[in-house]
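Asker: Contents of protein.tsv (TSV, N, CA and C atoms):
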```
chain	number	residue	atom	x	y	z
A	27	MET	N	-31.85	14.32	-14.75
A	27	MET	CA	-32.78	15.37	-15.10
A	27	MET	C	-34.01	15.28	-14.19
A	28	LEU	N	-34.50	16.43	-13.77
A	28	LEU	CA	-35.62	16.52	-12.86
A	28	LEU	C	-36.92	16.71	-13.65
A	29	GLU	N	-37.85	15.78	-13.50
A	29	GLU	CA	-39.11	15.89	-14.21
A	29	GLU	C	-40.27	15.74	-13.23
A	30	HIS	N	-40.86	16.84	-12.85
A	30	HIS	CA	-42.02	16.90	-11.96
A	30	HIS	C	-41.89	15.94	-10.79
A	31	LYS	N	-41.01	16.29	-9.88
A	31	LYS	CA	-40.71	15.45	-8.73
A	31	LYS	C	-40.83	16.29	-7.47
A	32	THR	N	-41.35	15.68	-6.41
A	32	THR	CA	-41.46	16.39	-5.14
A	32	THR	C	-40.06	16.56	-4.55
A	33	GLN	N	-39.73	17.80	-4.21
A	33	GLN	CA	-38.39	18.13	-3.70
A	33	GLN	C	-38.49	19.07	-2.50
A	34	VAL	N	-37.54	18.93	-1.60
A	34	VAL	CA	-37.32	19.92	-0.54
A	34	VAL	C	-36.36	20.93	-1.14
A	35	ILE	N	-36.67	22.22	-0.99
A	35	ILE	CA	-35.90	23.28	-1.62
A	35	ILE	C	-35.42	24.25	-0.57
A	36	LYS	N	-34.16	24.58	-0.59
A	36	LYS	CA	-33.60	25.62	0.27
A	36	LYS	C	-33.32	26.80	-0.64
A	37	LEU	N	-34.02	27.91	-0.41
A	37	LEU	CA	-33.81	29.11	-1.22
A	37	LEU	C	-32.59	29.88	-0.71
A	38	GLN	N	-32.05	30.73	-1.55
A	38	GLN	CA	-30.90	31.55	-1.18
A	38	GLN	C	-31.22	32.44	0.03
A	39	ASN	N	-32.49	32.84	0.18
A	39	ASN	CA	-32.87	33.71	1.30
A	39	ASN	C	-33.10	32.93	2.60
A	40	GLY	N	-32.88	31.60	2.57
A	40	GLY	CA	-32.98	30.79	3.78
A	40	GLY	C	-34.31	30.07	3.95
A	41	GLU	N	-35.30	30.40	3.14
A	41	GLU	CA	-36.60	29.74	3.26
A	41	GLU	C	-36.51	28.28	2.83
A	42	ASP	N	-37.28	27.44	3.53
A	42	ASP	CA	-37.39	26.03	3.18
A	42	ASP	C	-38.76	25.79	2.58
A	43	LEU	N	-38.78	25.12	1.42
A	43	LEU	CA	-40.02	24.81	0.73
A	43	LEU	C	-40.07	23.33	0.40
A	44	ILE	N	-41.29	22.86	0.17
A	44	ILE	CA	-41.49	21.56	-0.46
A	44	ILE	C	-42.47	21.82	-1.58
A	45	ALA	N	-42.21	21.23	-2.75
A	45	ALA	CA	-43.05	21.48	-3.92
A	45	ALA	C	-42.82	20.39	-4.94
A	46	ASN	N	-43.75	20.30	-5.87
A	46	ASN	CA	-43.55	19.48	-7.06
A	46	ASN	C	-42.76	20.34	-8.03
A	47	VAL	N	-41.60	19.86	-8.43
A	47	VAL	CA	-40.65	20.66	-9.20
A	47	VAL	C	-40.45	20.05	-10.58
A	48	SER	N	-40.41	20.93	-11.58
A	48	SER	CA	-40.04	20.50	-12.93
A	48	SER	C	-39.13	21.57	-13.53
A	49	ILE	N	-38.39	21.18	-14.55
A	49	ILE	CA	-37.46	22.10	-15.21
A	49	ILE	C	-38.19	22.90	-16.28
A	50	ASP	N	-37.86	24.19	-16.35
A	50	ASP	CA	-38.41	25.07	-17.37
A	50	ASP	C	-37.25	25.78	-18.06
A	51	GLY	N	-36.69	25.16	-19.05
A	51	GLY	CA	-35.55	25.73	-19.75
A	51	GLY	C	-34.26	25.51	-18.98
A	52	LEU	N	-33.26	26.32	-19.29
A	52	LEU	CA	-31.95	26.16	-18.66
A	52	LEU	C	-31.82	26.87	-17.32
A	53	ASN	N	-32.60	27.92	-17.11
A	53	ASN	CA	-32.39	28.77	-15.94
A	53	ASN	C	-33.56	28.85	-14.97
A	54	HIS	N	-34.59	28.04	-15.16
A	54	HIS	CA	-35.77	28.15	-14.30
A	54	HIS	C	-36.33	26.79	-13.91
A	55	TYR	N	-36.92	26.77	-12.74
A	55	TYR	CA	-37.71	25.63	-12.28
A	55	TYR	C	-39.15	26.10	-12.14
A	56	ILE	N	-40.08	25.18	-12.30
A	56	ILE	CA	-41.49	25.45	-12.01
A	56	ILE	C	-41.79	24.76	-10.68
A	57	LEU	N	-42.28	25.54	-9.73
A	57	LEU	CA	-42.70	25.02	-8.44
A	57	LEU	C	-44.22	24.95	-8.43
A	58	ASP	N	-44.74	23.75	-8.30
A	58	ASP	CA	-46.18	23.52	-8.28
A	58	ASP	C	-46.60	23.18	-6.85
A	59	GLN	N	-47.61	23.88	-6.34
A	59	GLN	CA	-48.12	23.68	-4.99
A	59	GLN	C	-47.03	23.86	-3.93
A	60	PRO	N	-46.26	24.96	-3.98
A	60	PRO	CA	-45.19	25.14	-2.99
A	60	PRO	C	-45.75	25.41	-1.59
A	61	MET	N	-45.14	24.77	-0.61
A	61	MET	CA	-45.49	24.98	0.79
A	61	MET	C	-44.20	25.29	1.54
A	62	ALA	N	-44.24	26.33	2.38
A	62	ALA	CA	-43.10	26.62	3.26
A	62	ALA	C	-43.22	25.73	4.48
A	63	PHE	N	-42.09	25.38	5.06
A	63	PHE	CA	-42.14	24.56	6.27
A	63	PHE	C	-40.97	24.90	7.18
A	64	SER	N	-41.14	24.54	8.43
A	64	SER	CA	-40.05	24.64	9.40
A	64	SER	C	-40.21	23.51	10.40
A	65	VAL	N	-39.11	23.17	11.01
A	65	VAL	CA	-39.13	22.15	12.06
A	65	VAL	C	-38.96	22.90	13.37
A	66	ASP	N	-39.91	22.68	14.27
A	66	ASP	CA	-39.95	23.37	15.55
A	66	ASP	C	-39.45	22.41	16.63
A	67	PHE	N	-38.27	22.70	17.16
A	67	PHE	CA	-37.71	21.85	18.21
A	67	PHE	C	-38.07	22.42	19.57
A	68	ARG	N	-38.81	21.66	20.33
A	68	ARG	CA	-39.16	22.05	21.70
A	68	ARG	C	-38.89	20.87	22.61
A	69	GLY	N	-37.88	21.00	23.42
A	69	GLY	CA	-37.53	19.89	24.28
A	69	GLY	C	-37.00	18.72	23.48
A	70	VAL	N	-37.49	17.55	23.77
A	70	VAL	CA	-37.04	16.32	23.12
A	70	VAL	C	-37.72	16.12	21.77
A	71	ASP	N	-38.95	16.60	21.65
A	71	ASP	CA	-39.73	16.37	20.43
A	71	ASP	C	-39.52	17.48	19.41
A	72	ALA	N	-39.73	17.13	18.16
A	72	ALA	CA	-39.69	18.10	17.07
A	72	ALA	C	-41.04	18.08	16.38
A	73	GLY	N	-41.51	19.25	16.00
A	73	GLY	CA	-42.78	19.34	15.28
A	73	GLY	C	-42.59	20.01	13.94
A	74	LEU	N	-43.36	19.57	12.97
A	74	LEU	CA	-43.30	20.14	11.63
A	74	LEU	C	-44.41	21.15	11.47
A	75	VAL	N	-44.05	22.35	11.02
A	75	VAL	CA	-45.02	23.40	10.75
A	75	VAL	C	-44.98	23.68	9.26
A	76	MET	N	-46.14	23.55	8.59
A	76	MET	CA	-46.23	23.77	7.15
A	76	MET	C	-47.26	24.85	6.89
A	77	ARG	N	-46.95	25.75	5.95
A	77	ARG	CA	-47.90	26.82	5.61
A	77	ARG	C	-47.85	27.08	4.11
A	78	GLN	N	-48.91	27.69	3.62
A	78	GLN	CA	-48.96	28.07	2.21
A	78	GLN	C	-47.86	29.09	1.96
A	79	TRP	N	-47.14	28.92	0.88
A	79	TRP	CA	-46.09	29.87	0.55
A	79	TRP	C	-46.65	31.05	-0.23
A	80	LEU	N	-47.66	30.81	-1.05
A	80	LEU	CA	-48.33	31.87	-1.81
A	80	LEU	C	-49.75	32.04	-1.28
A	81	PRO	N	-50.33	33.21	-1.44
A	81	PRO	CA	-51.73	33.41	-1.01
A	81	PRO	C	-52.68	32.77	-2.04
A	82	ILE	N	-52.88	31.45	-1.94
A	82	ILE	CA	-53.59	30.72	-2.98
A	82	ILE	C	-55.03	31.15	-3.15
A	83	GLN	N	-55.58	31.83	-2.16
A	83	GLN	CA	-56.94	32.33	-2.30
A	83	GLN	C	-57.01	33.50	-3.30
A	84	LEU	N	-55.86	34.09	-3.60
A	84	LEU	CA	-55.83	35.29	-4.43
A	84	LEU	C	-55.24	35.08	-5.81
A	85	ILE	N	-54.78	33.88	-6.10
A	85	ILE	CA	-54.14	33.63	-7.39
A	85	ILE	C	-54.90	32.52	-8.13
A	86	LYS	N	-54.77	32.53	-9.45
A	86	LYS	CA	-55.47	31.54	-10.27
A	86	LYS	C	-54.81	30.18	-10.24
A	87	ASN	N	-53.49	30.16	-10.18
A	87	ASN	CA	-52.76	28.91	-10.29
A	87	ASN	C	-51.62	28.91	-9.26
A	88	ASN	N	-51.57	27.90	-8.41
A	88	ASN	CA	-50.55	27.82	-7.37
A	88	ASN	C	-49.27	27.20	-7.94
A	89	GLN	N	-48.73	27.90	-8.92
A	89	GLN	CA	-47.55	27.45	-9.63
A	89	GLN	C	-46.73	28.67	-10.01
A	90	LEU	N	-45.42	28.58	-9.87
A	90	LEU	CA	-44.61	29.73	-10.24
A	90	LEU	C	-43.27	29.30	-10.78
A	91	GLN	N	-42.64	30.23	-11.46
A	91	GLN	CA	-41.33	30.00	-12.04
A	91	GLN	C	-40.29	30.64	-11.12
A	92	VAL	N	-39.24	29.88	-10.81
A	92	VAL	CA	-38.16	30.37	-9.95
A	92	VAL	C	-36.85	30.22	-10.71
A	93	HIS	N	-36.05	31.27	-10.69
A	93	HIS	CA	-34.75	31.23	-11.36
A	93	HIS	C	-33.81	30.32	-10.57
A	94	THR	N	-32.98	29.60	-11.28
A	94	THR	CA	-32.05	28.66	-10.64
A	94	THR	C	-31.11	29.36	-9.66
A	95	LYS	N	-30.78	30.62	-9.90
A	95	LYS	CA	-29.87	31.34	-9.00
A	95	LYS	C	-30.51	31.61	-7.63
A	96	ASP	N	-31.84	31.52	-7.54
A	96	ASP	CA	-32.53	31.75	-6.27
A	96	ASP	C	-32.60	30.50	-5.40
A	97	ILE	N	-32.15	29.38	-5.93
A	97	ILE	CA	-32.19	28.11	-5.20
A	97	ILE	C	-30.79	27.73	-4.76
A	98	LEU	N	-30.63	27.52	-3.46
A	98	LEU	CA	-29.35	27.10	-2.92
A	98	LEU	C	-29.12	25.61	-3.17
A	99	THR	N	-30.15	24.80	-2.84
A	99	THR	CA	-30.04	23.36	-3.05
A	99	THR	C	-31.42	22.72	-3.04
A	100	MET	N	-31.49	21.49	-3.54
A	100	MET	CA	-32.72	20.68	-3.50
A	100	MET	C	-32.35	19.28	-3.06
A	101	ALA	N	-33.32	18.64	-2.40
A	101	ALA	CA	-33.09	17.27	-1.95
A	101	ALA	C	-34.41	16.50	-2.02
A	102	GLU	N	-34.29	15.20	-2.15
A	102	GLU	CA	-35.48	14.36	-2.19
A	102	GLU	C	-35.96	14.09	-0.76
A	103	PRO	N	-37.22	14.43	-0.47
A	103	PRO	CA	-37.74	14.19	0.88
A	103	PRO	C	-38.03	12.72	1.12
A	104	ASN	N	-38.11	12.34	2.39
A	104	ASN	CA	-38.47	10.95	2.68
A	104	ASN	C	-39.96	10.74	2.39
A	105	GLU	N	-40.35	9.50	2.31
A	105	GLU	CA	-41.72	9.15	1.91
A	105	GLU	C	-42.77	9.69	2.87
A	106	GLU	N	-42.46	9.68	4.16
A	106	GLU	CA	-43.41	10.19	5.16
A	106	GLU	C	-43.68	11.68	4.96
A	107	PHE	N	-42.64	12.45	4.66
A	107	PHE	CA	-42.82	13.89	4.42
A	107	PHE	C	-43.60	14.14	3.14
A	108	VAL	N	-43.32	13.38	2.10
A	108	VAL	CA	-44.08	13.51	0.84
A	108	VAL	C	-45.56	13.21	1.10
A	109	ASP	N	-45.84	12.14	1.84
A	109	ASP	CA	-47.24	11.79	2.14
A	109	ASP	C	-47.94	12.92	2.90
A	110	TYR	N	-47.24	13.52	3.88
A	110	TYR	CA	-47.83	14.62	4.65
A	110	TYR	C	-48.06	15.84	3.76
A	111	TYR	N	-47.11	16.13	2.88
A	111	TYR	CA	-47.25	17.25	1.94
A	111	TYR	C	-48.46	17.05	1.02
A	112	VAL	N	-48.57	15.87	0.42
A	112	VAL	CA	-49.69	15.57	-0.48
A	112	VAL	C	-51.01	15.66	0.27
A	113	TYR	N	-51.05	15.11	1.48
A	113	TYR	CA	-52.26	15.16	2.32
A	113	TYR	C	-52.66	16.61	2.60
A	114	THR	N	-51.69	17.44	2.97
A	114	THR	CA	-51.96	18.84	3.30
A	114	THR	C	-52.45	19.62	2.08
A	115	VAL	N	-51.80	19.43	0.94
A	115	VAL	CA	-52.22	20.11	-0.30
A	115	VAL	C	-53.65	19.71	-0.67
A	116	GLU	N	-53.95	18.43	-0.57
A	116	GLU	CA	-55.31	17.97	-0.90
A	116	GLU	C	-56.35	18.53	0.06
A	117	LYS	N	-56.02	18.58	1.34
A	117	LYS	CA	-56.94	19.16	2.32
A	117	LYS	C	-57.22	20.63	2.02
A	118	ILE	N	-56.19	21.37	1.68
A	118	ILE	CA	-56.37	22.79	1.35
A	118	ILE	C	-57.25	22.94	0.12
A	119	LYS	N	-56.98	22.12	-0.91
A	119	LYS	CA	-57.81	22.17	-2.12
A	119	LYS	C	-59.27	21.86	-1.79
A	120	ASN	N	-59.49	20.85	-0.94
A	120	ASN	CA	-60.86	20.48	-0.55
A	120	ASN	C	-61.56	21.61	0.19
A	121	VAL	N	-60.85	22.24	1.09
A	121	VAL	CA	-61.44	23.34	1.85
A	121	VAL	C	-61.78	24.51	0.93
A	122	LEU	N	-60.87	24.87	0.04
A	122	LEU	CA	-61.13	25.98	-0.88
A	122	LEU	C	-62.28	25.66	-1.83
A	123	SER	N	-62.32	24.43	-2.31
A	123	SER	CA	-63.42	24.02	-3.18
A	123	SER	C	-64.75	24.06	-2.43
A	124	ALA	N	-64.73	23.57	-1.20
A	124	ALA	CA	-65.95	23.57	-0.39
A	124	ALA	C	-66.45	24.98	-0.14
A	125	LYS	N	-65.53	25.88	0.08
A	125	LYS	CA	-65.92	27.28	0.32
A	125	LYS	C	-66.63	27.85	-0.90
A	126	GLU	N	-66.11	27.56	-2.09
A	126	GLU	CA	-66.71	28.05	-3.33
A	126	GLU	C	-68.09	27.44	-3.58
A	127	LEU	N	-68.24	26.19	-3.19
A	127	LEU	CA	-69.49	25.47	-3.46
A	127	LEU	C	-70.51	25.54	-2.33
A	128	ALA	N	-70.15	26.15	-1.23
A	128	ALA	CA	-70.99	26.11	-0.02
A	128	ALA	C	-72.40	26.64	-0.28
A	129	LYS	N	-72.54	27.62	-1.13
A	129	LYS	CA	-73.86	28.19	-1.38
A	129	LYS	C	-74.81	27.21	-2.06
A	130	GLU	N	-74.25	26.27	-2.80
A	130	GLU	CA	-75.07	25.30	-3.53
A	130	GLU	C	-75.13	23.94	-2.85
A	131	MET	N	-74.51	23.81	-1.68
A	131	MET	CA	-74.41	22.51	-1.02
A	131	MET	C	-75.64	22.21	-0.16
A	132	THR	N	-75.92	20.92	-0.04
A	132	THR	CA	-76.95	20.48	0.90
A	132	THR	C	-76.35	20.57	2.30
A	133	ASP	N	-77.17	20.46	3.31
A	133	ASP	CA	-76.69	20.51	4.69
A	133	ASP	C	-75.70	19.39	4.96
A	134	GLU	N	-75.93	18.20	4.41
A	134	GLU	CA	-75.04	17.06	4.63
A	134	GLU	C	-73.68	17.31	3.97
A	135	GLU	N	-73.68	17.81	2.74
A	135	GLU	CA	-72.43	18.10	2.05
A	135	GLU	C	-71.65	19.20	2.78
A	136	LEU	N	-72.35	20.19	3.27
A	136	LEU	CA	-71.71	21.28	4.00
A	136	LEU	C	-71.07	20.75	5.29
A	137	GLN	N	-71.76	19.84	5.98
A	137	GLN	CA	-71.21	19.27	7.21
A	137	GLN	C	-69.95	18.46	6.93
A	138	LEU	N	-69.92	17.71	5.83
A	138	LEU	CA	-68.71	16.96	5.46
A	138	LEU	C	-67.53	17.91	5.20
A	139	ALA	N	-67.81	19.02	4.54
A	139	ALA	CA	-66.76	20.01	4.27
A	139	ALA	C	-66.26	20.63	5.57
A	140	ILE	N	-67.16	20.92	6.47
A	140	ILE	CA	-66.78	21.48	7.76
A	140	ILE	C	-65.90	20.49	8.52
A	141	ASN	N	-66.25	19.21	8.47
A	141	ASN	CA	-65.45	18.18	9.13
A	141	ASN	C	-64.04	18.13	8.56
A	142	ASP	N	-63.90	18.25	7.23
A	142	ASP	CA	-62.58	18.28	6.61
A	142	ASP	C	-61.77	19.48	7.11
A	143	PHE	N	-62.41	20.62	7.19
A	143	PHE	CA	-61.74	21.83	7.65
A	143	PHE	C	-61.29	21.69	9.10
A	144	GLN	N	-62.11	21.07	9.92
A	144	GLN	CA	-61.77	20.92	11.34
A	144	GLN	C	-60.59	19.99	11.54
A	145	ASP	N	-60.30	19.12	10.58
A	145	ASP	CA	-59.15	18.23	10.67
A	145	ASP	C	-57.83	19.00	10.55
A	146	ILE	N	-57.88	20.20	9.97
A	146	ILE	CA	-56.69	21.03	9.83
A	146	ILE	C	-56.66	22.01	10.99
A	147	GLN	N	-55.55	22.04	11.72
A	147	GLN	CA	-55.40	22.99	12.80
A	147	GLN	C	-54.79	24.26	12.23
A	148	TYR	N	-55.47	25.37	12.43
A	148	TYR	CA	-55.04	26.64	11.86
A	148	TYR	C	-54.89	27.64	12.99
A	149	ASP	N	-53.76	28.34	13.05
A	149	ASP	CA	-53.55	29.25	14.16
A	149	ASP	C	-53.77	30.72	13.80
A	150	GLY	N	-54.35	31.01	12.62
A	150	GLY	CA	-54.66	32.39	12.24
A	150	GLY	C	-53.54	33.13	11.57
A	151	THR	N	-52.36	32.53	11.43
A	151	THR	CA	-51.23	33.20	10.82
A	151	THR	C	-50.87	32.63	9.46
A	152	GLY	N	-51.71	31.73	8.95
A	152	GLY	CA	-51.39	31.08	7.69
A	152	GLY	C	-50.63	29.79	7.89
A	153	VAL	N	-50.42	29.39	9.15
A	153	VAL	CA	-49.68	28.18	9.44
A	153	VAL	C	-50.66	27.04	9.66
A	154	LEU	N	-50.46	25.94	8.94
A	154	LEU	CA	-51.26	24.75	9.12
A	154	LEU	C	-50.48	23.73	9.93
A	155	HIS	N	-51.17	23.04	10.81
A	155	HIS	CA	-50.50	22.02	11.65
A	155	HIS	C	-51.15	20.68	11.41
```
In structure tokens, what does this structure look like?
Answerer:
Amino acid sequence: MLEHKTQVIKLQNGEDLIANVSIDGLNHYILDQPMAFSVDFRGVDAGLVMRQWLPIQLIKNNQLQVHTKDILTMAEPNEEFVDYYVYTVEKIKNVLSAKELAKEMTDEELQLAINDFQDIQYDGTGVLH
């Protein structure tokens, strides 16, 4: 039985996700903090591209219910991928929180938030590197 575990998910439409997954009844999973990802092969090296799957700036809770028929398969990611996923989710949360609090922040607090944001490479398309 799956109880709130980080999983790599392949959807029926071909999308690849990583999320914290839990069971919701017989026919649904709850995906918490879902991120879409792809592996970019260029030459000898491979790069991981991760992006927000939902527009988290526009929703109250980055959690959704997915019907089991929409999922092709799930697999347990390796520890390195889980660490990168957790790191990326936390960075996004920090940036969004900093944005909300920026009006009330001191110059020093604002600079720390800016430094956190600069650690994330963003290419303008919703893709985080």
Asker: Tell me which protein, DNA and RNA residues are within 12 Å of stretch 47-58 of chain A, counting only C-alpha atoms, leaving out same-chain ones fewer than 2 positions away, and put them as a PyMOL selection string.
Answerer: chain A and resi 27-35+43-45+60-62+78-80+82+87-97+100-102+112+115
Asker: Just to confirm, what's the straight-line distance from atom CA of A:Met76 to atom CA of A:Leu136 in Å (one decimal)?
Answerer: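 These two atoms are separated by 25.8 Å.
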Asker: Have a look at atom CA of A:Ile85 and atom N of A:Met131 and let me know their distance in Å, one decimal.
Answerer: 23.3 Å
Asker: Which value, in Å to one decimal, gives the distance between atom CA of A:Arg77 and atom CA of A:Tyr113?
Answerer: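 Going from atom CA of A:Arg77 over to atom CA of A:Tyr113, I get 12.9 Å.
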